[in-house]
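Trainee: Let me begin by handing over the structure; questions about it come next.
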Amino acid sequence: MSDKHNNHEHHEEHFDEVMGMKQGHGKVPRFLIVVYAVLAIWAVGYALTVKGIDERPADGEAAQGVSAEVGKGLSSQCLACHGADFKGGMGGVAPTLHGVVDKLKPEGVKEVLTKGRGGMPALGASWTPDQQDSMVEFLKTLK
Amino acid sequence: MLSNAPFSTAKNFWYTSLFWLIISMLCGLVVAIKQIDPNFLYFQGQDALNFALTYAHIRIIHTNGVLLAWLSMAMVGAMFYMIPKLTRTPLWSERLGNLTCIIWNLAIAAAVVVICMGYSTGVEYAELPLVLDIGVIILCVLMSINLFMTIAKRQEKQLYVSIWYFVGSLIWLPLVYTVGNIPSSIVGGAAQANMNWFYGHNVLGLWFTTVGIGQIYYLLPKLTGKPLYSHKLSLIGFWTIATIYVWNGPHHLVNGPIPVWLMKAGIIPSILLIIPVWTVLANVFGTMRGVWHKVAEDVNMKFLVTAAIFYLMACLQGPFQALMQVSAVVKFTHWVVGHAHMAPFAAFSFVCFVTIYYAVPRLTGRNIYSKALMNWHYYFSVIGFLMFAFTLWIAGVIQGFAWMEGTPFIETINTVRSLIVWRAVGGTMMIVGQFFFVFNLWRTVKAGTKFASDEESVVA
C-alpha cells in the first residue's frame with residue numbers, strides 16, 4: 001500500500017513479502033539482549049544455589065507450649081458444629097462455647113474434649129496435654 | 001449436509017464457539033455466585049437436579065467449556081481461516097472440516113452430560129473420561145490432516161511466521177493432551193500430578209499461547225498496514241517458546257511432594273519465559289511504531305493491543321508466583337483464579353475476538369453491524385476483567401497470609417466475602433460484554449451493510 005513508498009525512503013527499513021505478509025528486518029533491541037544475558041546468569045545461579053523451603057520442625061512434632069494462639073489453630077474443628085462465631089449451631093444441638101470454661105471448669109472441658117459428650121465426638125482424644133490446655137486457654141478468650 | 005463452500009469450516013467453528021462462550025461463561029458466573037451463597041440453584045427435593053448442578057460439576061463445565069469449547073474452537077476456526085488465506089490455497093477439504101466441527105460440538109455436548117452425571121477422572125483440567133479424551137485426540141488428527149494437507153499444497157515455499165506457530169501448536173496439542181490424560185490407574189501419585197501439570201500448563205503455553213501469537217502476527221500487519229517489525233525477533237520468539245515453555249509444569253507443585261531439583265526445573269524456565277514473551281512483544285511494539293493513533297480509531301486495534309499488554313502482565317505475574325516463597329503464600333488461594341483468567345480471557349480470547357471481527361466481514365461481505373456495540377464489548381470485557389481480577393488478587397493475598405497464621409478457615413472466608421461479591425459483579429460485566437459481541441455478530445450476518453473487500457481474491 002502507500003506505506004511501501006514511505007519505507008523505501010529509509011534504507012534500513014526494507015522489507016520482503018512472505019505469503020503476502022510484509023516482514024521487516026528490524027534489529028533486536030539492545031535492552032532485550034541485556035534481558036537475555038541477565039536471565040541466563042540468574043538461571044545458572046538459581047540452579048546451583050537455591051534450596052527448597054522446609055519449615056517443618058527439626059525434631060518431629062515440636063513442643064509449642066500452651067497458649068490461646070495454639071488453641072485457636074486447633075479450633076477449626078469446633079466451628080463446624082458450634083458455628084463460625086462459636087455461639088452455637090446445628091439448630092441449637094451444639095451449644096454456645098462462650099463462657100464454657102466458667103461453666104464446666106477447665107477439667108470439665110478437657111473431659112468433654114477427650115471423651116466426647118452426647119453428639120460431640122472425642123476430638124481431643126489424641127491431643128497432647130499442651131494442646132488440651134491451649135484449647136482451654138483459647139475458649140477462655142471467648143466472652 | 002456437509003458444506004463444501006470456501007471457509008464454511010471457519011465460520012461454523014466460530015458461530016458454534018459463540019454458543020459455548022455464553023454457556024461456559026454463565027457456568028462461571030454460577031460458581032462465582034455459589035461461592036457467595038452455596039444454596040444458589042439448590043432446589044428442595046430435586047435431588048437429581050441438585051446433583052447435576054453441584055459446584056463441582058458446574059466448575060468443570062466452566063473450565064472445560066471455555067478452554068476446549070469456546071477458546072479452542074475459536075482458535076481452530078482462526079487456523080481454518082488464516083492458513084488457506086496465507087497459503088493462497090483452498091482448504092484441503094471443507095467437508096472434512098465441517099465434519100470435524102460437528103464432531104467437536106457433539107463431543108462437548110457429551111462432555112457436559114457426563115460431567116453433570118458425575119463422571120470425572122478427578123484430575124484438574126483433565127476431568128473428561130477416557131472415551132472423550134480419545135475423541136479429542138481423533139479431532140486433533142482430523143483437523144491436523146486437513147490443515148497440513150493445505151499447507152503441503154501451497155504455491156509459495158517460504159512459510160510466514162503465523163504458520164510456524166500453527167504447525168507447532170497442532171503437533172504439540174495431541175502430545176500434551178495425551179500425557180495429561182493417561183489414566184491415574186496407570187501412573188498415580190506424585191508422578192501423575194507432575195504429568196497433570198505438564199498438560200495443565202502446556203495446553204496454555206503450547207496451544208492457546210502459540211495459536212494466539214500466530215493470530216497476532218497475522219492480524220497486526222493487516223490492521224496497521226505496516227510490515228512486521230523484525231523477522232529475527234520472530235525466529236527468537238518462536239524457538240525459545242518451543243524450548244522453554246514445555247518445562248513450566250512443575251511450578252504448580254512447588255513446595256509440594258516432588259524433588260527440589262524438579263521444582264527448580266520448573267521454576268527456572270518459568271522465569272526464562274520472559275525471553276519469548278518480551279521478544280514477541282518487542283516485535284508487536286516495534287510494528288506499532290508510528291501507528292499508535294490507530295488504537296484510538298479502531299476497536300480491533302484496541303482489543304489487540306490490550307491483549308498484548310495483558311499477555312505481558314500474565315507473563316510477569318506467572319514467573320513471580322512460580323517462586324517458592326511467593327507460591328507458599330498464594331497457592332490454593334483466590335489469587336490463582338485471578339491469574340488463571342488473565343491469559344485465556346484477557347489476552348487470547350481478546351485476540352480471538354479480533355480475528356472474528358476481522359474475518360466475518362471478509363467472509364460474509366457484510367460490515368460489522370455496530371461499532372458502538374464493539375466498543376461496549378471492549379469496555380465491559382476490560383473493566384469487568386480488571387474488577388474480577390483485582391478483587392481476587394487482593395482476596396488471595398489476604399487468604400494466603402491468614403492461612404499461614406493459622407486463622408480458622410471459616411474466618412478467612414468471612415474476611416474476603418465482600419471481595420468475592422465484587423468478583424461476581426466484575427464477572428457479570430465480562431459476560432454482559434460477550435452478549436454484545438454475539439448480538440453484534442448475529443446482526444452483522446443478518447443485516448450488516450455491504451462490505452467492500454480490501455484484499456485480492458486469494459482462493460482459487
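To be explicit about the labels: the chains of the C-alpha cells are called A, B, and onward in the order shown, and within each one the residues are counted from 1, while ligands get numbers from 1 in the order they are shown.
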Wanna dump the chain A-chain B contacts at 6 Å for me, each residue with its shortest atom pair and the distance in Å to one decimal, counting only C-alpha atoms, ordered by chain and number, as JSON lines?

Mentor:
```
{"residue": "A:Val18", "atom": "CA", "partner": "B:Tyr160", "partner_atom": "CA", "distance": 5.6}
{"residue": "A:Met19", "atom": "CA", "partner": "B:Leu86", "partner_atom": "CA", "distance": 5.4}
{"residue": "A:Lys22", "atom": "CA", "partner": "B:Pro227", "partner_atom": "CA", "distance": 4.4}
{"residue": "A:Gln23", "atom": "CA", "partner": "B:Leu228", "partner_atom": "CA", "distance": 4.6}
{"residue": "A:Gly24", "atom": "CA", "partner": "B:Ser230", "partner_atom": "CA", "distance": 5.0}
{"residue": "A:His25", "atom": "CA", "partner": "B:Ser230", "partner_atom": "CA", "distance": 4.5}
{"residue": "A:Gly26", "atom": "CA", "partner": "B:Ser230", "partner_atom": "CA", "distance": 4.4}
{"residue": "A:Ala43", "atom": "CA", "partner": "B:Ile268", "partner_atom": "CA", "distance": 5.9}
{"residue": "A:Gly52", "atom": "CA", "partner": "B:Val260", "partner_atom": "CA", "distance": 5.8}
{"residue": "A:Gly73", "atom": "CA", "partner": "B:Gly406", "partner_atom": "CA", "distance": 5.2}
{"residue": "A:Ser76", "atom": "CA", "partner": "B:Pro408", "partner_atom": "CA", "distance": 5.1}
```

Trainee: Give me the residues near segment 338-351 of chain B as a ChimeraX atom specification, where near means some atom within 7 Å (using only C-alpha atoms) and where sequence neighbours in that chain fewer than 5 positions away do not count.

Mentor: /B:71,208,212,216,303-304,307-308,310-311,314,389,392-393

Trainee: Go ahead and save the picked residues with N, CA and C atoms, as a CSV table (one decimal), in the first residue's frame.

Mentor:
```csv
chain,number,residue,atom,x,y,z
B,71,LEU,N,-12.6,-21.3,23.5
B,71,LEU,CA,-11.3,-20.8,23.0
B,71,LEU,C,-10.7,-21.7,22.0
B,208,PHE,N,-2.9,-22.5,23.4
B,208,PHE,CA,-3.6,-21.2,23.4
B,208,PHE,C,-2.6,-20.1,23.1
B,212,GLY,N,-2.5,-18.2,19.6
B,212,GLY,CA,-2.9,-16.8,19.8
B,212,GLY,C,-1.8,-15.9,19.2
B,216,ILE,N,-1.9,-13.1,16.3
B,216,ILE,CA,-1.4,-11.7,16.4
B,216,ILE,C,-0.5,-11.3,15.2
B,303,PHE,N,-8.6,-3.9,21.1
B,303,PHE,CA,-8.6,-5.3,21.6
B,303,PHE,C,-7.2,-5.9,21.5
B,304,LEU,N,-6.6,-5.7,20.4
B,304,LEU,CA,-5.3,-6.4,20.1
B,304,LEU,C,-4.2,-5.9,21.0
B,307,ALA,N,-4.8,-7.0,24.5
B,307,ALA,CA,-4.5,-8.4,24.7
B,307,ALA,C,-3.0,-8.5,24.8
B,308,ALA,N,-2.2,-7.8,24.0
B,308,ALA,CA,-0.7,-7.9,24.2
B,308,ALA,C,-0.3,-7.4,25.5
B,310,PHE,N,-2.1,-7.5,28.4
B,310,PHE,CA,-2.4,-8.5,29.4
B,310,PHE,C,-1.6,-9.7,29.3
B,311,TYR,N,-1.1,-10.0,28.0
B,311,TYR,CA,-0.2,-11.2,27.9
B,311,TYR,C,1.1,-10.9,28.6
B,314,ALA,N,0.4,-11.1,32.4
B,314,ALA,CA,0.2,-12.5,32.8
B,314,ALA,C,1.6,-13.2,32.9
B,389,ALA,N,-10.4,-9.5,38.4
B,389,ALA,CA,-9.0,-10.0,38.8
B,389,ALA,C,-8.5,-9.3,40.0
B,392,LEU,N,-9.9,-10.6,43.2
B,392,LEU,CA,-9.4,-12.0,43.5
B,392,LEU,C,-8.0,-11.9,44.0
B,393,TRP,N,-7.2,-11.0,43.4
B,393,TRP,CA,-5.7,-10.9,43.8
B,393,TRP,C,-5.7,-10.4,45.3
```

Trainee: Using only C-alpha atoms, which of the listed residues (A:Leu142, A:Val66, A:Val109, A:Val100) sits closest to Pro129 of chain A?

Mentor: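 Among the listed residues, the smallest separation from Pro129 of chain A belongs to A:Val66.
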
Trainee: I want to know what sits within 8 Å of Gln399 of chain B, based on only C-alpha atoms, with residues of the same chain fewer than 4 positions away left out; could you give that as an MDAnalysis selection string?

Mentor: chainID B and resid 333:334 395 403 412:413 416

Trainee: Could you write out the selected residues, including C-alpha atoms, as a compact mmCIF listing (two decimals), in the first residue's frame?

Mentor:
```
# COMPACT_ATOMS: atom_id res chain seq x y z
CA THR B 333 -5.98 -19.04 47.17
CA HIS B 334 -8.28 -16.82 45.10
CA ALA B 395 -8.60 -11.66 48.40
CA TRP B 403 -3.77 -19.36 56.40
CA THR B 412 -10.81 -16.35 56.25
CA ILE B 413 -13.91 -16.94 54.13
CA VAL B 416 -12.86 -11.91 51.89
```

Trainee: Residues within 10 Å of Leu123 of chain A, please, as a PyMOL selection string. Count only C-alpha atoms; anything in the same chain fewer than 2 positions from it doesn't count.

Mentor: chain A and resi 77-78+112-116+120-121+125-127

Trainee: Can you tell me how far atom CA of Ser381 of chain B sits from atom CA of Ile394 of chain B, in Å to one decimal?

Mentor: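 The value is 19.9 Å.
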